[in-house]
Every structure is written in structure tokens, then in C-alpha cells.
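Asker: Pasting a structure below so you can have a look.
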Amino acid sequence: MIFSYNWLQSFFEKKIPAPEKIAEVLTMRSFEVKGLKNISLPSGSEDTVLDIDVLPNRTHDCFSHFGVAKEISALFNIPLKPEEKTKFETVKAKAEDFLKLEVREPELCRRYIAGIILGVKVGPSPKWLEERLISVGQKPINNIVDAANYVMFDLGQPLHAFDIDKIKPVHIIVRRAVKGEKITTLDNKEFILDKDVLVIADSRDPLAIAGIKGGKKAEIDKKTANIILESANFDSVNIRLTSQKLGLKTGASVGFENEISPVLALKAIERLTSLICEIAGGKRVAERIDFYSKKIRTPKISFKASDVSKLIGETVPEKEISAILNRLGFEVKKAKGIFIATGPGERLDLVLKEDIIEEIARLYGYQKISSRIPEGILTPAQRNDNFFYENMARDSLVNAGFSEVYNYSFSPTGEIGVENPIAIDKKYLRMNLWNGLIINAAQNLKYFDEIRIFEIGKVFGRVGETVIEKNKLAGIVVLEKTKEKEQFHEIKGLLETLFMQLGINDFWLDDTPTSEGPETLVKIRVGQEIIGHVYHHNVFELDLEKLIELATEEIEYRPVSKYPAVIRDIAVLVPFETKMTNVTDIIENTGGELLIDSDLFDVYESEELGESRKSLAFHLIFQSPVKTLSDKEVNALMERIIKAVESVEDWEVRK
Amino acid sequence: MAKKQSPDIFQSLRKDAFEALEEASDFESVKKIETDYTGKSGRLTKVLRSLKDLPPPERKTMGSTANALKKEIEEKIRAKKAEFETKDHARPNGRRIDISAPGKKFLKGHLHPLSRVIRDVSSVFESMGFEIVEGPEVETEHYNFDTLNIPKNHPARDMWNTFWLDSKLLLRTHTSPNQMRYMEKNQPPFRIIVPGRCFRYEATDTTHEIQFYQAEGLMIGEKTSLANLKGVMEVFFQKFFKDKNLETRFRPGYFPFVEPGIEVDVKFKGNWLEIAGAGMIHPQVIKNAKLNPSEWQGFAFGMGLDRLAMLKYKIDDIRLFYSGDLRFINQF
């Protein structure tokens with residue numbers, strides 16, 4: 001909110017510090033001052049405006065120059081000047097004699113003060129008043145409206161004035177609107193209301209949307225002579241809901257949403273009456289109507305000095321505690337070591353002793369509290385396995401040459417819809433990661449020949465009524481056209497490395513077609529459990545939670561054989577669709593314990609091998625833990641392996 | 001009968017070998033001389049082999065002369081080799097290597113900068129005894145707002161523009177719901193740090209995104225104070241930015257779930273930057289977790305990790321994090 005330096009100064013007799021100094025101290029002890037600007041006013045005088053970010057818990061008492069002046073008074077210990085005696089001509093009468101007030105919704109309107117001024121002369125405001133409004137970015141209208149506006153910026157109480165002669169009979173009713181009821185506001189806009197909207201009405205029509213905007217019917221105009229002044233307090237939640245529903249946000253609605261104190265209403269109507277009588281003439285009807293259903297309690301909080309030091313970790317001298325609270329306008333009593341602070345009525349934010357401690361701490365100065373490292377830790381923090389293994393997986397992929405991307409959690413399709421999507425392609429929560437990676441790959445191919453990327457993140461789905469959130473790991477490989485076939489094997493190699501690092505052994509790929517999808521949908525299994533899929537032979541997605549459940553850091557050492565290993569090669573000619581694992585299964589089962597490894601080193605397809613045949617070549621490694629194997633022994637094993645392989649129809653060992 | 005070997009043969013062998021070595025201009029020619037003299041069928045080797053046919057006394061004197069000469073030549077060869085080795089240290093096959101040519105590229109992937117920051121932040125807090133905790137991204141109104149003392153229809157809710165889902169759920173607007181989730185299940189004292197993705201319904205620009213990362217911290221004890229919060233924040237920022245002199249300051253802030261509420265600023269190049277929100281946990285929040293606020297007190301803080309990453313790596317646009325652009329990612 002914008003504040004005028006000169007306006008703030010008007011609350012003091014003594015000169016207040018320069019705007020820069022005020023900005024600095026306010027920022028450190030009250031609210032951040034986001035900017036300072038020097039302005040020139042029409043009369044040629046100068047002012048400085050401060051853009052102050054009043055904290056949300058203080059908007060109820062500091063969205064006004066008076067509120068900020070009180071802070072300045074407390075921070076710099078400069079007293080506010082006593083309020084001026086109001087002087088105006090009075091008609092000895094009661095407002096009740098002129099109007100009938102009926103508050104039908106005391107829950108939504110806890111205070112309604114109506115005052116009457118007779119014989120005003122509507123016209124332009126005096127220069128000083130116009131300039132005050134201009135300095136805070138308001139446009140002057142006429143002396144009555146300007147005066148109400150001025151008092152709102154001065155004290156924070158929204159006010160309204162009605163032309164009494166336009167209301168017949170003079171009957172003010174605070175009620176809920178009837179469904180379908182219409183009102184035309186001062187800016188000539190029509191609103192259709194319903195029963196959730198509170199209105200100020202006469203016996204026939206709504207005169208104003210309570211606390212938000214005045215209506216055309218009882219508008220102040222050039223001919224207005226007699227006025228009703230309204231200074232009320234409306235329920236903050238109702239004002240907020242109405243303002244949101246009607247799409248109508250005004251200075252008044254913001255004020256009431258902040259839940260200002262009802263004590264302000266009286267102070268504000270006195271100030272307004274006096275100001276109007278001064279600048280527009282007229283006589284005040286001596287007695288106002290004051291409907292005040294539920295009086296608020298003045299904040300009264302008791303605490304001990306030790307409560308302060310316990311919470312903030314620093315001892316503030318008792319004298320200083322009292323001095324700070326006095327400067328903030330509290331009345332402080334101390335008995336048997338207990339402070340009792342009775343606060344200013346407008347400070348509705350002060351309820352608990354922690355609230356008072358905050359006041360003491362910020363005025364004492366947070367920079368004066370010395371920092372302390374919490375006392376010793378006896379046990380180290382419990383390791384988070386999820387976090388640990390997720391990072392291990394990340395490192396494994398990065399070390400294998402994959403780069404990590406983060407995509408949006410939103411997607412154009414999905415199972416969980418967003419009620420208020422920010423864009424059409426973000427109407428749902430994403431169901432998988434791999435679709436995003438395909439788009440990333442396509443975009444990056446403009447700049448790179450080969451793409452290897454991965455993502456770890458949450459995906460969302462629904463099981464019955466329940467929203468399911470799962471952590472996934474997905475990756476994609478895109479190589480140049482000529483190397484397209486290698487993509488799948490890169491993915492497989494990557495998975496092998498990943499599973500090995502996570503200590504998971506029995507991982508395998510399964511392309512048995514199922515009802516779930518075509519052969520291009522390869523299932524990634526550990527034992528019998530499916531923990532992910534490879535799509536289109538170049539993208540995979542894993543259930544990271546299942547993966548982490550299976551992960552282990554256990555490593556068991558097996559002694560290295562002292563005896564040399566013997567390596568023999570074997571090439572097997574098989575039908576094209578034969579799986580390599582079928583061949584290794586037979587070789588390994590026949591080779592027994594002495595065959596310690598079989599390593600595929602070549603896959604060869606050529607016309608010379610005949611239609612739809614391929615050659616698989618393996619290194620077979622034989623080793624005994626107890627002796628050096630002789631040629632004879634290895635030859636015998638090889639014979640057996642060759643025989644076993646050739647016993648399969650259509651398989652042949654190349655010689 | 002073997003040919004009689006005169007001592008002269010040693011003289012001429014010695015002379016030839018030494019002259020050749022003197023003239024040798026590179027490693028390769030020394031190796032050739034080695035083969036020519038002391039190699040399997042070298043001149044000296046041949047002479048040595050023929051000695052076995054001599055009568056024993058002669059064999060003995062000739063033998064010792066021959067062996068002494070062999071030693072001498074070998075010594076000289078070794079010295080010559082060493083000389084050339086130091087001169088053209090990396091010259092296998094006799095070709096010079098251009099060490100200014102680029103090294104062989106190994107395939108290397110890149111960690112996302114936010115992953116780096118999440119790790120760094122977590123590890124500093126782990127070293128201070130904070131346990132890493134995670135929570136769901138889809139939240140209930142109860143945990144995201146209600147239990148954090150943010151009432152429905154209160155203007156304070158405007159601080160969090162929310163994405164609502166079709167099932168009365170929402171995308172968490174901060175990591176703070178995990179304060180309550182953790183407090184409900186654990187008995188104090190404790191210290192936790194919760195890194196995670198959050199969402200806000202707002203227009204994007206270079207400093208605002210609809211999704212971003214936060215780290216929430218929570219510490220509760222019998223005497224955990226604002227001074228402790230100050231200590232922990234100072235240590236964290238100094239360690240994270242690797243600057244022992246980094247200045248931190250506290251000023252008033254407001255978050256409904258803390259009291260007092262604090263804004264934490266850090267000084268970079270002479271400017272104070274707002275970098276975390278913090279405060280002492282509001283007694284109502286402690287009560288909501290079914291703990292007794294007169295027994296337990298503590299602090300909470302939350303900071304934007306995207307902002308930390310932007311400061312640390314001098315990134316000028318938050319949207320780059322979620323662009324999937326490898327020209328960006330590959331720099332980390």
C-alpha cells in the first residue's frame with residue numbers, strides 16, 4: 001500500500017526522521033518498505049510516498065496512515081500528537097428522529113453507526129484534501145465523497161454517505177439480498193444478487209452492497225443537502241466471499257476482509273463528521289444511532305519475562321519489555337513477576353503470549369538476538385533409504401552417459417483432472433514420465449545427434465476413488481538412423497548396470513505378447529514381478545518404489561581362483577527368432593560348475609547363412625577352484641556342450 | 001679347434017660400439033645398436049658364445065674381459081636410452097604426440113541442477129542431525145491449510161494460489177504440510193528437512209513458475225529457540241554458498257503457522273535478498289499435532305530451492321529448469 005510521508009508527519013508535532021531512515025527501520029522491525037518515490041503535487045509542493053508491504057496479520061490496523069504512524073511512534077519513540085478537539089455546529093436532535101435503522105443480520109454486521117448532517121453544500125474539496133488523495137493515487141470527486149475516502153486512508157475504516165432525501169421513507173435495513181434482486185452501483189454497473197450477499201436497503205431497494213460498493217439510488221450529487229453517514233463493521237468472510245463471487249474488489253472490501261476492529265467505527269465517524277462540517281458546512285444531528293451487537297474484548301495478555309527468553313533464546317531486560325509495550329500503546333501492569341499487557345483495541349491480532357513476545361522481539365531487534373547452534377546431537381540422522389537409493393540410481397544413469405531432465409507434472413491427458421488448469425496442455429496430472437521424454441528428445445534433436453536422457457518424478461493415477469501417486473524412473477535413447485537397432489541394447493545395458501549397482505540380480509526382459517500390449521511392449525521383470533516396461537524399444541519406465549524395495553547394499557565376497565581360466569569360443573547357428581537366452585541356458589546347464597561364464601561377443605546375420613538364420617558367438621570361460629584344468633577335461637566339456645546344442649532342432653554349431 | 005680370439009677383438013668391438021652410441025641420434029637407433037652388439041645374435045654375444053670352446057685357463061681370462069666389456073656397453077646403452085627417453089618422453093613408435101590435441105571424450109551424463117541443490121541442501125542439514133523426510137505432492141486441504149492455522153476464506157489464503165484437483169484434493173502449495181504429517185507420527189525431540197516439488201497457480205515469468213522446489217525444515221525440542229533458528233540458518237547458508245563470511249539477517253514476516261514470523265535475508269554482493277521464510281512454530285499448530293505447547297517448542301523454515309540454484313549457478317530464468325533443454329542441462 002502507498003503511504004504519504006507528509007500525511008504520516010501530520011500525526012506528530014515533532015519532526016519524524018527522513019523517509020530513507022523510516023524505510024530502513026520499518027523494514028527491519030515492522031514491514032518491508034519496497035520503494036520510495038518523490039512526487040510533485042499540483043500546488044507545487046513536494047512529498048515522498050512509501051510503498052509498504054504491510055504484513056497480512058497487520059492489514060487490519062496498518063492499512064491506514066494512523067496505523068503506520070503508530071508504528072513509527074513506537075519504533076522511534078516519538079509521541080503521537082493529541083487528537084484535535086472537534087468543533088462543529090450541532091442540531092439538538094436524535095438521528096432516530098430522522099431515520100429508522102434495522103439490522104436483521106447481526107452476525108454479518110456487528111456494528112452499524114449512522115450519523116446525520118443537515119444542510120451540507122456539495123462542491124470541490126479544498127486543495128490540501130485533494131492533494132492528500134492524489135498523493136496516495138486517488139482521484140478527488142467531491143467534498144463529501146473525498147472526506148469519506150480521506151478518513152478511510154487516514155484511519156482504515158471504510159465509510160459511506162447516502163443522500164437522505166432520496167430515501168423515502170427513511171428506513172435503513174441491513175439484510176440479505178433476495179435471489180435475483182438487482183442493484184446499479186455508483187459506476188453504473190448492474191449486479192444480480194442472491195441471499196449470500198448482504199445489502200444496505202431502504203424499504204424497497206438495495207442502496208449499497210454492504211461494505212463493498214454504494215448504489216446509484218441514494219448517490220451524493222450536486223444537489224444533495226442532507227446526508228446519512230455510515231460507519232459500520234461487516235463480517236470479513238462474508239465480504240470476501242461476496243467480493244470474489246461478484247468479481248468486485250474495492251478499497252472498502254479489502255478493508256473489511258482484513259477484519260478491522262469495530263472500535264474504529266466510532267473514531268472514524270467522529271473524524272468524518274468533523275471534516276465534512278469543516279469543508280462542506282452543515283450541522284450535525286447531535287445523537288447518532290449506534291447498533292453494536294457484540295462488543296469486542298480489548299486484548300489482555302499475561303506472561304513472564306522467562307517466557308520471552310525461553311522462546312527467543314535471549315534475555316530482554318524487564319525494564320525494556322515494559323518500555324517497548326508502552327511505546328506500542330499497551331498499558332502494562334506487573335505483579336509477582338507476571339506482566340499483564342492490555343492492548344490497544346484495534347490490535348485484534350494479539351491473542352496469545354507468543355503474539356506479545358513477537359512484538360517485544362521485533363522492537364528489541366532480531367539482530368540483537370545472538371545466534372546459537374542447537375545443543376549436541378547424540379545420534380546421527382536416520383538415513384532415508386528412498387532418498388539414498390533414488391540418488392544412487394541417478395548417479396548410475398549419469399555415469400552411463402544419461403542427462404537428467406525435469407518436466408512439468410501436468411499433461412494434456414491423464415486420470416486426474418485439474419479444476420483450474422493454467423493451459424490446455426496442462427489439464428491433467430501426468431500418468432507417466434516417458435511421454436514427456438519423447439517430446440524432450442524430439443526438441444533436443446534440433447541441436448544434438450544422439451539423445452540419452454532420464455527423469456525421476458511422481459506420476460498420478462486413480463484406483464477406484466483413491467488418487468495414487470507413484471515415484472517413477474524413465475529414460476530414453478535416440479541414436480542416428482544407422483544405429484537405431486543399438487538403442488534397445490543401450491537401454492538393456494543401462495538397466496543391467498543400474499540393477500547391478502542396486503544389488504538386484506534376477507532381472508530379465510520378457511516380450512511374451514499379452515493382452516496388455518504388442519510385442520514392442522517389453523516387460524522388465526525381477527523374478528516374476530513386473531517392475532517396468534520398455535516401450536518402442538527405446539524408452540523405459542520403472543517403478544522406482546518397487547526398485548528401491550528390492551535394492552540392497554549387501555555384497556558378498558567370493559574367493560578368486562588361483563588356477564588359470566581356459567577360454568573356448570563357440571558359434572551357434574540358430575533360427576532368427578531364437579532367443580539368445582535359450583542358447584545360453586543350454587550351454588550353461590550343460591557346462592556345469594566349471595563353466596564360470598558365457599559371454600556373447602558376436603551376433604551375425606547374413607544371406608550366406610541361409611534364410612532367417614543368425615549366428616551367435618560366445619566366449620566360454622572354464623575354471624576350477626581346486627586345480628588347473630587340462631585340455632582333455634575342457635575338450636570333454638566342449639563335446640558335451642556341442643552335442644547338447646545340436647540336439648535342438650534347427651540348431652547347428654559352426655565349425 | 002676354435003678360432004683363437006685375440007684381445008684385439010674386444011678393443012675393436014668396444015671402439016665400434018662406443019662410436020655408434022655416440023653418433024646415435026634417437027631412441028630407435030640406440031635400440032638397434034643394442035641388438036647389434038648385445039642382442040641374441042649380436043657381435044659381442046657371438047664372441048661370448050665362442051669362448052666355451054677355449055681351453056679353461058684362456059677361457060677364464062678372456063671370459064672376464066668379455067663380461068667386463070659387456071657390462072660397460074650395456075651401461076652405456078642404458079644411459080643413452082635414458083637420455084632419449086627424457087628428451088622425447090612420450091614417443092612410442094618414434095612419433096611425437098601432440099599433447100595440445102583434445103583428450104578422448106568419455107560419455108558423461110549431467111545431473112539436473114535442482115538435483116544437485118537438493119543434495120547439497122540435504123547433506124548440510126543431515127550433517128546437523130536433520131533427517132530427510134518426503135511427502136505427497138497431491139495434498140488435502142486439511143494438511144495444506146487447515147492444520148497449519150490457515151483458515152478457509154481468510155485473506156491469508158491469498159498467499160497461496162492453489163491448483164485444485166477434480167477430487168477436492170489439491171497440489172501442495174508448499175512443503176509445510178509435512179510438518180503436521182511428521183509431528184502426528186513421531187514423538188519429539190526431532191529435526192527434519194523435507195525437500196520437494198510444490199505448485200502455485202500463477203502467471204510465469206523469469207522468477208515465477210507454476211511448479212518449483214522447496215525445502216521445509218522443522219526442529220522441535222524443549223528449549224529450541226529463535227536464537228537456534230538463527231544459528232542453523234547462518235550455518236546453512238555459509239556452508240551452502242561456501243562462504244564463511246556470508247551475512248544473514250532476520251526481519252519480521254508473517255506466516256499463519258509460526259509466531260514470531262521471520263523473513264530471512266542473505267547478503268549477496270552488497271544486496272540483501274529475501275531467501276527463506278521462518279519462525280517459531282505457532283502453539284496452535286503444535287496443539288493440532290496433539291502435542292502440548294507448554295512442553296514443546298521449535299522452529300520451522302521454508303526456502304525455495306530454485307532460487308538457491310539460480311543464485312548459486314547464476315541462472316537468470318526459472319523456466320529453464322523445466323525446459324528439458326540439454327543445452328542448459330549439459331552445463332551442470
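A note on labels: chains of the C-alpha cells are A, B, ... as shown, every chain counts residues from 1, and ligands are counted from 1 in their shown order.
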Need the shell around stretch 278-290 of chain A: protein/DNA/RNA residues with any atom at most 8 Å away, counting only C-alpha atoms. Skip same-chain ones fewer than 4 positions apart. Format as a list in words?
Answerer: Phe88, Glu89, Thr90, Val91, Lys92, Ala93, Lys94, Ala95, Glu96, Leu101, Arg111, Tyr112, Ile113, Ala114, Gly115, Ile116, Ile117, Leu118, Gly119, Val120, Lys121, Val122, Gly123, Ser125, Pro126, Asn143, Ile144, Thr273 and Ser274 of chain A
Asker: Write the residues of the preceding selection, restricted to C-alpha atoms, as a JSON list (two decimals), in the first residue's frame.
Answerer:
[["chain", "number", "residue", "atom", "x", "y", "z"],
["A", 88, "PHE", "CA", -18.99, 21.83, 14.71],
["A", 89, "GLU", "CA", -22.47, 23.18, 14.88],
["A", 90, "THR", "CA", -24.98, 20.82, 16.33],
["A", 91, "VAL", "CA", -28.70, 20.38, 15.93],
["A", 92, "LYS", "CA", -30.11, 19.22, 19.21],
["A", 93, "ALA", "CA", -31.88, 16.15, 17.97],
["A", 94, "LYS", "CA", -31.55, 12.41, 17.66],
["A", 95, "ALA", "CA", -30.73, 10.59, 14.44],
["A", 96, "GLU", "CA", -33.57, 8.25, 15.39],
["A", 101, "LEU", "CA", -32.36, 1.53, 11.50],
["A", 111, "ARG", "CA", -21.68, -2.67, 14.34],
["A", 112, "TYR", "CA", -23.58, -0.03, 12.40],
["A", 113, "ILE", "CA", -23.27, 3.65, 13.30],
["A", 114, "ALA", "CA", -25.47, 6.09, 11.42],
["A", 115, "GLY", "CA", -24.97, 9.83, 11.76],
["A", 116, "ILE", "CA", -26.81, 12.67, 10.07],
["A", 117, "ILE", "CA", -25.59, 16.03, 8.82],
["A", 118, "LEU", "CA", -28.11, 18.56, 7.60],
["A", 119, "GLY", "CA", -27.53, 21.34, 5.11],
["A", 120, "VAL", "CA", -24.24, 20.44, 3.52],
["A", 121, "LYS", "CA", -23.06, 22.13, 0.33],
["A", 122, "VAL", "CA", -21.60, 19.68, -2.15],
["A", 123, "GLY", "CA", -18.65, 21.04, -4.13],
["A", 125, "SER", "CA", -12.71, 19.70, -1.82],
["A", 126, "PRO", "CA", -10.11, 22.15, -0.54],
["A", 143, "ASN", "CA", -16.06, 17.18, -0.79],
["A", 144, "ILE", "CA", -18.39, 14.58, 0.75],
["A", 273, "THR", "CA", -18.40, 14.37, 10.71],
["A", 274, "SER", "CA", -15.97, 16.99, 11.83]]
Asker: Tell me as a ChimeraX atom specification which residues belonging to chain A come within 7 Å of chain B, counting only C-alpha atoms.
Answerer: /A:28-31,55-57,237,257-258,310-313,354-355,358,362,366-367,369-374,377,380-384,398-408,416-420,440,444
Asker: Select, from A:Leu50, A:Leu348, A:Ile340, A:Leu437, the residue with the minimum atom-to-atom distance to A:Val263, counting only C-alpha atoms.
Answerer: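 With only C-alpha atoms as the atom set, the closest residue is A:Leu348.
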Asker: For A:Phe540, which of A:Ser598, A:Ser515, A:Asn432, A:Ser409 is the closest residue, counting only C-alpha atoms?
Answerer: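 Residue with the minimum atom-to-atom distance to A:Phe540: A:Asn432.
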Asker: List the spatial neighbours of A:Glu105 as a PyMOL selection string - criterion: any atom at most 8 Å away, only C-alpha atoms, same-chain residues fewer than 5 positions off excluded.
Answerer: chain A and resi 174-176
Asker: Within 12 Å of stretch 572-585 of chain A, counting only C-alpha atoms, which residues qualify if same-chain residues fewer than 2 places away don't, as a count of residues only?
Answerer: 53
Asker: Using DSSP secondary structure from the backbone, list all alpha helix (DSSP H) positions within stretch 154-281 of chain B, as a PyMOL selection string.
Answerer: chain B and resi 177-185+226-240
Asker: Rounded to one decimal place, report the atom CA of A:Thr86-atom CA of A:Val151 distance in Å.
Answerer: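 Those two atoms sit 14.4 Å apart.
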